[in-house]
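> This one is structure.tsv, TSV, C-alpha atoms and all ligand atoms.
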```tsv
chain	number	residue	atom	x	y	z
Z	552	MET	CA	33.09	-7.61	55.79
Z	553	SER	CA	36.05	-7.33	58.17
Z	554	LEU	CA	36.54	-3.93	59.74
Z	555	PRO	CA	39.18	-4.36	62.45
Z	556	ASN	CA	40.39	-0.76	62.34
Z	557	ILE	CA	37.14	1.00	63.18
Z	558	PRO	CA	37.22	2.58	66.63
Z	559	VAL	CA	34.30	1.12	68.59
Z	560	GLY	CA	31.44	3.54	69.11
Z	561	ALA	CA	32.72	6.21	66.71
Z	562	ALA	CA	30.32	7.97	64.36
Z	563	ALA	CA	30.95	7.17	60.69
Z	564	ILE	CA	31.07	10.89	59.83
Z	565	THR	CA	31.64	13.80	62.17
Z	566	VAL	CA	31.83	17.27	60.65
Z	567	THR	CA	32.13	20.23	63.00
Z	568	GLY	CA	32.02	23.91	62.05
Z	569	LEU	CA	33.37	23.18	58.57
Z	570	HIS	CA	34.21	26.15	56.38
Z	571	ALA	CA	35.76	25.25	53.02
Z	572	GLY	CA	35.90	26.48	49.44
Z	573	TYR	CA	38.04	27.47	46.49
Z	574	HIS	CA	40.09	30.70	46.44
Z	575	ASP	CA	37.41	33.38	46.83
Z	576	VAL	CA	34.41	30.95	46.71
Z	577	VAL	CA	32.89	29.99	50.06
Z	578	ALA	CA	31.30	26.60	49.31
Z	579	LEU	CA	30.70	25.41	52.88
Z	580	ASP	CA	29.93	27.89	55.59
Z	581	GLY	CA	29.69	26.21	58.99
Z	582	VAL	CA	28.63	22.61	58.31
Z	583	ASP	CA	27.86	20.46	61.34
Z	584	LEU	CA	26.89	16.88	60.60
Z	585	THR	CA	27.05	13.52	62.36
Z	586	VAL	CA	26.16	10.29	60.57
Z	587	LEU	CA	26.04	7.09	62.58
Z	588	PRO	CA	27.30	3.74	61.25
Z	589	ARG	CA	24.95	1.49	59.24
Z	590	THR	CA	23.02	4.42	57.84
Z	591	ILE	CA	22.13	5.51	54.32
Z	592	CYS	CA	22.10	9.29	54.44
Z	593	GLY	CA	20.82	11.27	51.45
Z	594	LEU	CA	22.43	14.62	50.72
Z	595	ILE	CA	20.12	17.05	48.97
Z	596	GLY	CA	20.63	20.58	47.72
Z	597	VAL	CA	20.46	22.82	44.67
Z	598	ASN	CA	23.34	22.96	42.18
Z	599	GLY	CA	26.24	24.73	43.84
Z	600	SER	CA	25.00	24.14	47.40
Z	601	GLY	CA	28.26	22.43	48.36
Z	602	LYS	CA	27.47	18.70	48.13
Z	603	SER	CA	30.55	17.74	46.09
Z	604	THR	CA	32.72	20.02	48.20
Z	605	LEU	CA	31.54	18.22	51.32
Z	606	PHE	CA	32.48	14.86	49.77
Z	607	LYS	CA	35.89	16.24	48.82
Z	608	ALA	CA	36.43	17.62	52.31
Z	609	LEU	CA	35.56	14.21	53.77
Z	610	MET	CA	38.16	12.66	51.45
Z	611	GLY	CA	40.77	15.29	52.32
Z	612	LEU	CA	40.77	16.58	48.72
Z	613	VAL	CA	39.61	20.02	49.88
Z	614	GLN	CA	41.17	21.36	53.07
Z	615	PRO	CA	39.02	23.03	55.73
Z	616	VAL	CA	39.55	26.74	56.18
Z	617	ARG	CA	38.07	26.22	59.63
Z	618	GLY	CA	36.46	23.30	61.41
Z	619	ALA	CA	37.20	19.59	61.29
Z	620	VAL	CA	36.24	16.37	59.59
Z	621	ARG	CA	36.49	12.90	61.13
Z	622	ILE	CA	35.77	9.50	59.59
Z	623	PHE	CA	35.19	6.89	62.28
Z	624	GLY	CA	36.89	9.34	64.63
Z	625	LEU	CA	40.00	9.63	62.45
Z	626	PRO	CA	41.34	12.45	60.25
Z	627	SER	CA	40.61	11.86	56.56
Z	628	GLY	CA	44.20	10.97	55.59
Z	629	GLN	CA	44.33	8.24	58.21
Z	630	SER	CA	40.89	6.86	57.33
Z	631	ARG	CA	41.94	6.66	53.67
Z	632	LYS	CA	45.16	4.84	54.58
Z	633	LEU	CA	43.13	2.31	56.56
Z	634	ASN	CA	40.78	1.77	53.59
Z	635	LEU	CA	37.82	2.88	55.65
Z	636	VAL	CA	36.35	5.17	53.01
Z	637	THR	CA	35.69	5.05	49.27
Z	638	TYR	CA	34.48	7.85	46.98
Z	639	VAL	CA	32.50	7.68	43.77
Z	640	PRO	CA	32.94	11.14	42.22
Z	641	GLN	CA	30.68	12.86	39.73
Z	642	SER	CA	31.33	11.62	36.19
Z	643	GLU	CA	32.71	15.00	35.09
Z	644	ASP	CA	35.59	14.60	37.57
Z	645	VAL	CA	36.89	11.39	35.96
Z	646	ASP	CA	39.16	11.01	32.89
Z	647	TRP	CA	37.28	8.31	30.96
Z	648	THR	CA	39.92	8.14	28.19
Z	649	PHE	CA	42.42	6.60	30.61
Z	650	PRO	CA	43.38	3.21	29.07
Z	651	VAL	CA	42.16	0.88	31.81
Z	652	SER	CA	39.59	-1.91	31.72
Z	653	VAL	CA	36.54	-2.11	33.95
Z	654	ARG	CA	38.30	-4.90	35.85
Z	655	ASP	CA	41.39	-2.70	36.35
Z	656	VAL	CA	39.21	0.05	37.84
Z	657	VAL	CA	37.60	-2.39	40.26
Z	658	MET	CA	41.03	-3.84	41.15
Z	659	MET	CA	42.13	-0.32	42.14
Z	660	GLY	CA	39.87	-0.80	45.14
Z	661	ARG	CA	42.29	-3.51	46.30
Z	662	TYR	CA	45.48	-1.44	45.99
Z	663	GLY	CA	45.49	-0.46	49.66
Z	664	ARG	CA	45.05	-4.11	50.64
Z	665	LEU	CA	47.68	-5.81	48.47
Z	666	GLY	CA	50.29	-7.97	50.16
Z	667	PRO	CA	54.04	-7.26	50.47
Z	668	MET	CA	54.68	-8.19	46.80
Z	669	ARG	CA	52.15	-5.52	45.73
Z	670	ARG	CA	50.62	-8.02	43.30
Z	671	PRO	CA	46.97	-9.10	43.36
Z	672	ARG	CA	46.58	-12.41	45.15
Z	673	ARG	CA	43.78	-14.94	44.91
Z	674	GLN	CA	41.75	-13.13	47.56
Z	675	ASP	CA	42.06	-9.84	45.63
Z	676	ARG	CA	40.92	-11.44	42.37
Z	677	ASP	CA	38.02	-13.09	44.20
Z	678	ALA	CA	37.00	-9.76	45.76
Z	679	VAL	CA	37.01	-8.15	42.30
Z	680	ASP	CA	34.95	-11.01	40.79
Z	681	HIS	CA	32.47	-10.72	43.62
Z	682	ALA	CA	32.17	-6.92	43.26
Z	683	LEU	CA	31.69	-7.15	39.47
Z	684	GLU	CA	28.95	-9.75	39.97
Z	685	ARG	CA	27.19	-7.61	42.54
Z	686	VAL	CA	26.89	-4.61	40.20
Z	687	GLY	CA	26.09	-6.78	37.16
Z	688	LEU	CA	29.24	-5.92	35.18
Z	689	ALA	CA	30.98	-9.31	35.06
Z	690	ASP	CA	30.26	-9.62	31.32
Z	691	LEU	CA	31.76	-6.20	30.56
Z	692	GLN	CA	34.85	-6.45	32.75
Z	693	HIS	CA	37.38	-6.44	29.89
Z	694	ARG	CA	36.00	-3.34	28.18
Z	695	GLN	CA	37.89	-0.07	28.37
Z	696	ILE	CA	36.14	2.01	31.04
Z	697	GLY	CA	35.36	4.79	28.55
Z	698	GLU	CA	33.43	2.31	26.39
Z	699	LEU	CA	30.74	1.89	29.04
Z	700	SER	CA	27.52	3.86	29.23
Z	701	GLY	CA	27.17	6.56	31.90
Z	702	GLY	CA	25.18	4.29	34.20
Z	703	GLN	CA	27.59	1.36	33.74
Z	704	ARG	CA	30.55	3.61	34.61
Z	705	LYS	CA	28.85	4.56	37.86
Z	706	ARG	CA	28.35	0.88	38.65
Z	707	ALA	CA	32.05	0.20	37.95
Z	708	PHE	CA	33.02	2.78	40.56
Z	709	VAL	CA	30.55	1.35	43.05
Z	710	ALA	CA	32.18	-2.06	42.40
Z	711	ARG	CA	35.59	-0.52	43.16
Z	712	GLY	CA	34.23	0.55	46.57
Z	713	ILE	CA	32.78	-2.90	47.21
Z	714	ALA	CA	36.11	-4.56	46.29
Z	715	GLN	CA	37.86	-2.18	48.67
Z	716	ASP	CA	35.50	-3.37	51.42
Z	717	ALA	CA	35.23	0.21	52.68
Z	718	ALA	CA	33.06	0.84	55.72
Z	719	LEU	CA	32.00	4.28	54.45
Z	720	MET	CA	30.92	4.90	50.86
Z	721	LEU	CA	30.64	8.48	49.60
Z	722	LEU	CA	28.54	8.45	46.42
Z	723	ASP	CA	28.19	11.70	44.47
Z	724	GLU	CA	25.08	11.40	42.29
Z	725	PRO	CA	25.36	7.66	41.57
Z	726	PHE	CA	21.98	7.72	39.78
Z	727	ALA	CA	22.95	10.36	37.21
Z	728	GLY	CA	22.57	8.80	33.76
Z	729	VAL	CA	21.24	5.54	35.22
Z	730	ASP	CA	18.00	4.12	33.80
Z	731	LYS	CA	15.07	3.29	36.08
Z	732	SER	CA	15.61	-0.48	36.25
Z	733	SER	CA	19.36	-0.09	36.94
Z	734	GLU	CA	18.51	2.54	39.56
Z	735	ALA	CA	16.16	0.10	41.30
Z	736	ALA	CA	18.94	-2.53	41.28
Z	737	LEU	CA	21.41	-0.01	42.74
Z	738	VAL	CA	18.95	1.00	45.47
Z	739	ALA	CA	18.57	-2.67	46.44
Z	740	LEU	CA	22.38	-3.08	46.39
Z	741	PHE	CA	22.96	0.01	48.58
Z	742	ARG	CA	20.47	-1.29	51.12
Z	743	GLU	CA	22.23	-4.67	51.16
Z	744	LEU	CA	25.57	-2.92	51.68
Z	745	ARG	CA	24.04	-0.96	54.57
Z	746	ASP	CA	22.67	-4.16	56.09
Z	747	GLU	CA	26.18	-5.66	55.90
Z	748	GLY	CA	27.39	-2.83	58.14
Z	749	ARG	CA	28.40	-0.07	55.75
Z	750	THR	CA	27.50	3.59	55.95
Z	751	ILE	CA	26.55	5.43	52.76
Z	752	LEU	CA	26.40	9.17	52.15
Z	753	ILE	CA	24.74	9.71	48.80
Z	754	SER	CA	23.91	12.90	46.93
Z	755	THR	CA	20.89	12.78	44.70
Z	756	HIS	CA	18.44	15.08	42.95
Z	757	ASP	CA	15.77	12.36	43.03
Z	758	LEU	CA	13.67	13.60	45.94
Z	759	ALA	CA	10.88	11.13	45.31
Z	760	GLY	CA	13.30	8.21	45.74
Z	761	ILE	CA	14.69	9.38	49.10
Z	762	PRO	CA	12.15	7.75	51.45
Z	763	GLN	CA	12.67	4.34	49.83
Z	764	LEU	CA	16.46	4.59	49.73
Z	765	CYS	CA	17.53	6.57	52.76
Z	766	ASP	CA	17.35	6.21	56.52
Z	767	GLU	CA	18.15	9.91	56.90
Z	768	ALA	CA	18.15	13.00	54.74
Z	769	VAL	CA	20.26	16.16	54.93
Z	770	LEU	CA	19.25	19.41	53.26
Z	771	LEU	CA	22.37	21.41	52.44
Z	772	HIS	CA	22.83	24.98	51.37
Z	773	ARG	CA	26.43	25.77	52.30
Z	774	HIS	CA	25.39	24.61	55.78
Z	775	VAL	CA	22.92	22.03	57.03
Z	776	LEU	CA	19.34	23.34	56.84
Z	777	ALA	CA	17.72	20.14	58.15
Z	778	HIS	CA	18.81	16.63	59.09
Z	779	GLY	CA	16.70	13.70	60.26
Z	780	SER	CA	14.37	11.03	58.96
Z	781	PRO	CA	13.08	11.61	55.41
Z	782	ALA	CA	9.59	12.14	56.82
Z	783	THR	CA	10.68	14.95	59.12
Z	784	VAL	CA	13.11	16.57	56.70
Z	785	LEU	CA	11.22	16.49	53.38
Z	786	THR	CA	8.47	18.87	54.39
Z	787	ALA	CA	7.13	21.55	52.06
Z	788	GLU	CA	8.57	24.23	54.35
Z	789	ASN	CA	12.07	22.71	54.40
Z	790	LEU	CA	12.04	22.11	50.65
Z	791	ALA	CA	11.02	25.72	50.06
Z	792	ARG	CA	13.98	26.84	52.21
Z	793	THR	CA	16.27	24.59	50.15
Z	794	PHE	CA	14.97	25.04	46.63
Z	795	GLY	CA	12.88	28.21	46.90
Z	796	PRO	CA	9.06	28.24	46.76
Z	797	LEU	CA	7.72	25.48	44.51
Z	798	PRO	CA	4.91	26.03	42.01
Z	799	ALA	CA	1.64	24.60	43.38
Z	800	ALA	CA	1.63	21.61	40.96
Z	801	ALA	CA	5.24	20.64	41.80
Z	802	ALA	CA	4.60	21.02	45.53
Z	803	ALA	CA	1.76	18.53	45.22
Z	804	ASP	CA	4.28	16.01	43.82
Z	805	THR	CA	6.75	16.28	46.70
Z	806	PRO	CA	7.14	13.09	48.77
Z	807	LYS	CA	4.53	12.60	51.45
Z	808	GLU	CA	5.54	12.05	55.04
Z	809	ALA	CA	5.75	8.36	55.82
Z	810	SER	CA	2.88	7.16	57.98
O	1	LIG	N1	37.17	23.77	41.45
O	1	LIG	C1	36.42	24.82	41.81
O	1	LIG	N2	36.92	26.08	41.76
O	1	LIG	C2	36.18	27.15	42.14
O	1	LIG	N3	34.91	27.06	42.58
O	1	LIG	C3	34.35	25.83	42.64
O	1	LIG	C4	35.06	24.65	42.26
O	1	LIG	N4	34.27	23.58	42.45
O	1	LIG	C5	33.08	24.06	42.91
O	1	LIG	N5	33.14	25.42	43.03
O	1	LIG	C6	32.06	26.30	43.54
O	1	LIG	O1	31.78	25.89	44.88
O	1	LIG	C7	30.39	25.96	45.13
O	1	LIG	C8	29.90	24.57	45.56
O	1	LIG	O2	30.07	23.67	44.46
O	1	LIG	P1	29.78	22.11	44.59
O	1	LIG	O3	30.33	21.47	43.36
O	1	LIG	O4	30.26	21.63	45.90
O	1	LIG	O5	28.18	22.10	44.56
O	1	LIG	P2	27.18	20.87	44.37
O	1	LIG	O6	26.12	21.02	45.41
O	1	LIG	O7	27.93	19.59	44.35
O	1	LIG	O8	26.56	21.19	42.94
O	1	LIG	P3	25.92	20.18	41.82
O	1	LIG	O9	24.56	19.78	42.31
O	1	LIG	O10	25.82	21.07	40.62
O	1	LIG	O11	26.86	19.04	41.63
O	1	LIG	C9	29.73	26.48	43.84
O	1	LIG	O12	29.57	27.87	43.98
O	1	LIG	C10	30.76	26.13	42.78
O	1	LIG	O13	30.67	27.06	41.71
```
Take the structure in this file and express it as structure tokens.
Ligand SMILES: Nc1ncnc2c1ncn2[C@@H]1O[C@H](COP(=O)(O)OP(=O)(O)OP(=O)(O)O)[C@@H](O)[C@H]1O


Amino acid sequence: MSLPNIPVGAAAITVTGLHAGYHDVVALDGVDLTVLPRTICGLIGVNGSGKSTLFKALMGLVQPVRGAVRIFGLPSGQSRKLNLVTYVPQSEDVDWTFPVSVRDVVMMGRYGRLGPMRRPRRQDRDAVDHALERVGLADLQHRQIGELSGGQRKRAFVARGIAQDAALMLLDEPFAGVDKSSEAALVALFRELRDEGRTILISTHDLAGIPQLCDEAVLLHRHVLAHGSPATVLTAENLARTFGPLPAAAAADTPKEAS
């Protein structure tokens, strides 16, 4: 991975005093969050707690009412122009009837990197081949994107981010609709991507999978309730603050602190 544009020493994500929302809906109410490079950070919260809005604010798709967002020290528009960040949205936010192949979707990751002729060159095609291989979709690359299963569509968007060679990947529920064996393969892939130098912010409802996947966890409810290692964050007390009191049987199933 070549990341010449990243300011040395900058945090991957810096969010300060962020207030954002939609018309009369306050979705984020004073979010402060710093995520260092080479980290997989899990974003956890109930439905409507503001996870997707935070992703959109990081991408510049939702404007702050107050506060600021920086990606590698840069405003979101600039970080997007420099191909520093990629976003895998929730499936509901994508028009799957759009007549493009899986390969076309992955090639979109290269658009910001095309040469002066604006045509894919050998290196772009190679990057797309490589990304398709890494998510296990090489055999399905000529299918229309809408003809894939839910889990395969997610993998196509992850491949787009890999082809883009983005230093920061924002993944909104990448495991939704993904079967257990594909989820295990994605977890291994995300850890490889982290080890290559990327930073990943990932929203998930799979609490039990957090300790294996994530270096850090963030509990969100319009603002950050807790942030730190999974062991320190996923305590019964913090989870009760995030999700409300759990029934005794469910509480017994919550992840144990790592020893
Ligand atoms: N386009 C929109 N217009 C108006 N309100 C919205 C819009 N999108 C989200 N909201 C509201 O903003 C708040 C935060 O929503 P958001 O989608 O960020 O939550 P979330 O944590 O991602 O939820 P989920 O787990 O269900 O995906 C909710 O109250 C939601 O109803």

> Using only C-alpha atoms and all ligand atoms, can you tell me which of Z:Gly628, Z:Gly611, Z:Pro640, Z:Gly712 comes closest to ligand LIG 1 (chain O)?

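Ranking Z:Gly628, Z:Gly611, Z:Pro640, Z:Gly712 by distance to ligand LIG 1 (chain O), first place goes to Z:Pro640.
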
> May I ask you to write as a PyMOL selection string all residues lying at most 8 Å from ligand LIG 1 (chain O), with only C-alpha atoms and all ligand atoms counted?

chain Z and resi 572-579+596-605+641+723-724+756+771-773

> Extract, using all atoms listed in the file, all DNA, RNA and protein residues at most 12 Å from Gln674 in chain Z, discarding same-chain residues fewer than 2 positions from it, and format them as a ChimeraX atom specification.

/Z:658,661,664-666,670-672,676-681,714-715

> Name the closest residue to Leu790 in chain Z among the candidates Z:Leu609, Z:Ile595, Z:Val686, Z:Val582; distances are taken between atoms, counting only C-alpha atoms.

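That would be Z:Ile595, the residue with the smallest distance to Leu790 in chain Z.
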
> With a distance cut-off of 6 Å and all atoms listed in the file, select the neighbouring residues of range 762-770 of chain Z, excluding the residue or stretch itself and same-chain residues fewer than 2 positions from it, and output the selection as a PyMOL selection string.

chain Z and resi 591-596+760+775-781
